[in-house]
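Since the structure comes first, as structure tokens, the remarks are kept for the end.
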Amino acid sequence: MADILDDSDGIGLVSDGPVVALKTSDFTATGELKEVSGDLSLVITSAQSARDFLNNRQWNLLWRDADLLFQAPRPMTVYENTYVLEPNVQRFTVAKVCNAIVPQLYKGLFYADPPMLLRPRPGTAQTVVDAKTALFSYVLDNCRFKTHTKWGLETMAHLGTGIWKWGYDWTEIKTSKRKASAIVVKTGPDAAPTVLSIPKDVPPDVTTSSMTVPMPFFEHRPLDKVLTDPKLALSDIRESSWVVDVQYMDFYQMDELRKAVKESDSEEGWSFPKDLKSVWNHVTTPKLDNAVEQLAYMKGAVHHSQDLNEGSADPLRVKLEILEYWDKTRKILVLNAEKVIFSGKNEFEVVPFLSANWWNRPRAFYGMGLGLIVGQNQRVDQGTINAILKILSFGVNPMYIKRRDSNNLTQMVRTNIGKVYTVDGEADKALHLMESPKIPGDIWTALRENENATESSSGADAQLVQGSTAGPRAGMGRTSGGAAIQANASATRLDGPLDNFIEQVFKPYLSILDSLIFHHMSDAAILHILGKVRGPALVESLSMQEYWDAQVGFEVLAGSSMAARRTMAQSMVMLTQILDNPQIQDQLADINEEYIDFKPIIKMWAEGSEWKNVDDFIKPMTAAMKAKRAANSKAAQTQAMTQAKTQGDQQKFEQKQQLSSQEADQRISRDLVIGAAKASGFSEAIEGEPSAGGLEGQQPTVA
């Protein structure tokens with residue numbers, strides 16, 4: 001391995017050998033190239049074959065025409081090297097259609113945040129799913145997934161194909177926390193003190209923690225900067241045998257790359273020039289092959305940024321071409337088509353690119369975009385409108401007709417109201433205005449049909465989406481059913497491109513994201529990110545072993561059919577009325593032992609109306625609210641009534657017992673009184689008892 005340190009020998013860039021056609025003898029028994037010159041030849045030959053293929057197919061792809069029609073420069077007519085002053089109205093059909101459709105697709109893909117849903121498999125705790133969702137959401141935001149998706153959709157809609165690149169970079173993630181600065185004061189009596197928090201006027205107390213983690217990235221790549229195998233006959237770039245990514249770096253970017261490689265202690269396979277600065281000193285004209293860029297974009301007639309091979313005030317800012325070659329087993333980087341700066345194994349074992357087409361072509365990789373589909377309609381529209389304006393201009397700029405006789409003019413004559421011309425012969429025959437040509441009536445029908453063709457082929461039909469039409473097409477739109485059919489047909493034309501993106505880019509990248517996190521991100525890095533996103537509570541309750549053992553499924557929150565989603569929103573009223581039927585609820589409970597949860601239905605209403613603040617008006621009940629509701633429930637009321645009845649019965653029973661006791665006491669008292677009264681009416685001789693002996697019942701006393 002060459003030394004990656006500068007030794008300032010000033011030799012510039014040394015080529016790794018001539019570019020030759022490879023033979024089987026240049027490879028080992030396992031398919032590895034024996035010499036570094038073989039790596040150079042493989043990359044340069046592959047890139048050139050792809051460029052030649054695209055150059056030969058430029059008349060079929062029509063990328064330059066699509067780029068020209070998008071900006072619609074003013075048409076200029078030249079006659080004998082002089083510009084002719086004539087109507088040159090611009091029509092932006094391609095741009096209008098692209099800018100009408102792409103925002104709708106973008107809105108459909110990202111109508112929720114995060115734009116995907118993780119569903120737990122059996123045995124997976126919801127806390128783990130919440131942690132995975134939070135991590136995925138942070139990674140998607142960090143790699144600007146939405147922005148790069150929008151850029152790719154614009155290229156996909158315009159030129160027919162969108163390409164994205166994925167991988168991971170080592171990124172420093174900083175987490176800042178601020179401590180509140182306040183004075184706590186206790187006032188009031190000691191038995192019931194009042195605590196007051198008074199903010200202090202002091203500088204913020206901020207602590208920052210950072211960690212360098214392997215962060216996945218998702219990057220849109222321009223169509224002319226990704227070269228694929230010309231033999232690729234499918235619309236999915238993952239099926240390509242190899243891909244060459246054309247990138248450009250100046251000295252400062254290359255120097256940062258060299259330092260990063262050195263600091264990572266992974267210098268195996270890297271071979272930088274010994275004197276990196278001398279490479280830019282010796283390169284006068286960068287070897288940038290702009291053949292693909294020239295066949296993809298129109299030069300001069302429309303506006304684009306400056307070419308990368310243009311000079312710079314800072315000579316070290318001059319861009320040098322980097323060819324990044326990928327196949328399933330190897331990765332090779334070539335600088336300026338001369339120097340192999342990296343040759344190693346492809347750690348992903350797949351081509352790290354994703355792609356999707358607007359309309360697929362049979363047996364082809366590149367698709368058809370709106371620039372090709374509706375571009376000809378723009379030409380017809382613009383040409384017809386300008387021709388009509390030419391005819392109408394005769395009415396305000398009329399031509400004069402004169403006889404070929406003595407009325408010949410010897411010089412130019414300026415016409416004006418109030419001018420008097422002297423002519424020979426009859427005035428109306430000597431000089432008169434030429435009759436203005438008439439605009440054919442069928443031309444308006446042709447323009448209307450051309451507009452209909454644009455709408456039907458692109459799906460960007462506002463009238464169809466609204467369910468109303470005008471003119472000759474109003475037959476089907478007169479009924480609600482016909483309008484719904486037309487609206488569904490319009491949305492279905494957008495489902496194809498949307499499904500292509502979801503199935504070939506969105507869902508695969510979610511799986512790739514899960515794999516990159518699983519194989520490259522440490523537990524500490526994951527906990528650091530989750531602590532930054534969700535706070536320490538989630539981190540403390542999370543078991544990393546459960547996190548790695550969890551099985552979840554991915555669901556993209558963009559329906560496979562935009563028309564189906566619109567139909568679902570329209571059917572919500574009827575569905576809610578059906579589910580709110582008490583008989584249906586009773587049958588579900590009695591027969592199936594099931595019930596209807598109306599909270600998901602409320603969420604469906606909110607999502608259908610595009611209100612995302614469901615949690616703002618559906619909140620957990622407080623303890624006081626729970627107690628009040630429990631007290632007002634039927635069971636509580638029944639229990640209270642039962643308890644009140646029991647208490648009443650108990651009181652009645654106690655009252656009866658008291659009455660019974662009082663009656664018994666009264667009877668005893670009465671009987672005692674009666675008995676005493678009867679006893680007082682008899683003498684002692686009758687009622688008394690005889691004495692045992694002696695006088696008056698006393699025993700005799702014996703001394």
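Convention: chains lettered A, B, ... in structure tokens order; per-chain residue numbering from 1; ligands numbered from 1 as shown.
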Members of region 333-396 of chain A assigned strand (DSSP E) by DSSP, as an NGL selection string: :A and (333-335 or 339-345 or 353-357)
Keeping only N, CA and C atoms, take the residues you just selected and write them out as a PDB file, in the first residue's frame.
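See out-v7.pdb below for the written result:
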ATOM      1  N   LEU A 333     -12.149   2.971  -6.884  1.00  0.00           N
ATOM      2  CA  LEU A 333     -12.197   4.408  -7.109  1.00  0.00           C
ATOM      3  C   LEU A 333     -11.019   4.812  -7.974  1.00  0.00           C
ATOM      4  N   VAL A 334     -11.314   5.555  -9.050  1.00  0.00           N
ATOM      5  CA  VAL A 334     -10.286   5.994  -9.989  1.00  0.00           C
ATOM      6  C   VAL A 334     -10.317   7.515 -10.050  1.00  0.00           C
ATOM      7  N   LEU A 335      -9.141   8.131  -9.867  1.00  0.00           N
ATOM      8  CA  LEU A 335      -9.008   9.581  -9.888  1.00  0.00           C
ATOM      9  C   LEU A 335      -8.536  10.046 -11.253  1.00  0.00           C
ATOM     10  N   LYS A 339      -5.490   7.243 -11.883  1.00  0.00           N
ATOM     11  CA  LYS A 339      -4.955   6.713 -10.643  1.00  0.00           C
ATOM     12  C   LYS A 339      -6.031   5.980  -9.868  1.00  0.00           C
ATOM     13  N   VAL A 340      -5.768   4.724  -9.485  1.00  0.00           N
ATOM     14  CA  VAL A 340      -6.666   3.950  -8.631  1.00  0.00           C
ATOM     15  C   VAL A 340      -6.350   4.315  -7.186  1.00  0.00           C
ATOM     16  N   ILE A 341      -7.262   5.011  -6.541  1.00  0.00           N
ATOM     17  CA  ILE A 341      -7.018   5.425  -5.159  1.00  0.00           C
ATOM     18  C   ILE A 341      -7.636   4.465  -4.147  1.00  0.00           C
ATOM     19  N   PHE A 342      -8.518   3.569  -4.600  1.00  0.00           N
ATOM     20  CA  PHE A 342      -9.037   2.544  -3.697  1.00  0.00           C
ATOM     21  C   PHE A 342      -9.441   1.328  -4.510  1.00  0.00           C
ATOM     22  N   SER A 343      -9.128   0.167  -3.969  1.00  0.00           N
ATOM     23  CA  SER A 343      -9.553  -1.103  -4.552  1.00  0.00           C
ATOM     24  C   SER A 343      -9.758  -2.073  -3.408  1.00  0.00           C
ATOM     25  N   GLY A 344     -10.980  -2.498  -3.223  1.00  0.00           N
ATOM     26  CA  GLY A 344     -11.271  -3.388  -2.109  1.00  0.00           C
ATOM     27  C   GLY A 344     -12.571  -4.135  -2.293  1.00  0.00           C
ATOM     28  N   LYS A 345     -13.001  -4.764  -1.215  1.00  0.00           N
ATOM     29  CA  LYS A 345     -14.195  -5.597  -1.241  1.00  0.00           C
ATOM     30  C   LYS A 345     -15.429  -4.743  -1.003  1.00  0.00           C
ATOM     31  N   PHE A 353     -27.450   1.032  -4.892  1.00  0.00           N
ATOM     32  CA  PHE A 353     -28.256   2.017  -5.613  1.00  0.00           C
ATOM     33  C   PHE A 353     -29.682   1.510  -5.694  1.00  0.00           C
ATOM     34  N   LEU A 354     -30.631   2.451  -5.761  1.00  0.00           N
ATOM     35  CA  LEU A 354     -32.048   2.152  -5.939  1.00  0.00           C
ATOM     36  C   LEU A 354     -32.579   3.028  -7.064  1.00  0.00           C
ATOM     37  N   SER A 355     -33.589   2.554  -7.762  1.00  0.00           N
ATOM     38  CA  SER A 355     -34.119   3.311  -8.902  1.00  0.00           C
ATOM     39  C   SER A 355     -35.597   3.011  -9.084  1.00  0.00           C
ATOM     40  N   ALA A 356     -36.261   3.915  -9.795  1.00  0.00           N
ATOM     41  CA  ALA A 356     -37.673   3.747 -10.153  1.00  0.00           C
ATOM     42  C   ALA A 356     -37.945   4.546 -11.411  1.00  0.00           C
ATOM     43  N   ASN A 357     -38.859   4.063 -12.225  1.00  0.00           N
ATOM     44  CA  ASN A 357     -39.238   4.712 -13.478  1.00  0.00           C
ATOM     45  C   ASN A 357     -40.642   5.284 -13.375  1.00  0.00           C
TER      46      ASN A 357
END
Excluding region 401-406 of chain A and residues on its chain fewer than 4 positions from it, collect all residues at most 12 Å away from it, counting only C-alpha atoms, and give them as a compact mmCIF listing (two decimals) with C-alpha atoms, in the first residue's frame.
# COMPACT_ATOMS: atom_id res chain seq x y z
CA THR A 410 -41.71 55.32 -55.39
CA THR A 422 -54.10 60.50 -54.32
CA VAL A 423 -54.67 57.62 -56.73
CA ASP A 424 -55.47 57.18 -60.37
CA GLY A 425 -58.71 55.56 -61.35
CA GLU A 426 -61.33 54.16 -59.03
CA ALA A 427 -60.20 54.51 -55.41
CA ASP A 428 -61.52 51.13 -54.23
CA LYS A 429 -59.63 49.37 -57.01
CA ALA A 430 -56.46 51.40 -57.01
CA LEU A 431 -55.60 50.88 -53.33
CA HIS A 432 -57.53 48.92 -50.73
CA LEU A 433 -57.04 46.72 -47.65
CA MET A 434 -56.46 43.04 -48.12
CA GLU A 435 -59.15 40.85 -46.59
Spatial neighbours of region 33-42 of chain A, max dist 6 Å, only C-alpha atoms, sep filter under 5 positions, as number ranges by chain: A: 16-17, 19-20, 26-27
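Ranking A:Ser515, A:Thr329, A:Thr207, A:Thr212 by their shortest atom-to-atom distance to Thr171 (chain A), with only C-alpha atoms included, puts A:Thr212 first.
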Members of region 508-657 of chain A assigned helix (DSSP H, G or I) by DSSP, as a count of residues only: 113
Residues of region 104-207 of chain A within 10 Å of region 56-75 of chain A: nearest atom pair and distance (Å, one decimal) for each, counting only C-alpha atoms, sorted by chain and number, as JSON lines?
{"residue": "A:His158", "atom": "CA", "partner": "A:Ala66", "partner_atom": "CA", "distance": 7.2}
{"residue": "A:Leu159", "atom": "CA", "partner": "A:Trp63", "partner_atom": "CA", "distance": 6.2}
{"residue": "A:Gly160", "atom": "CA", "partner": "A:Trp63", "partner_atom": "CA", "distance": 9.0}
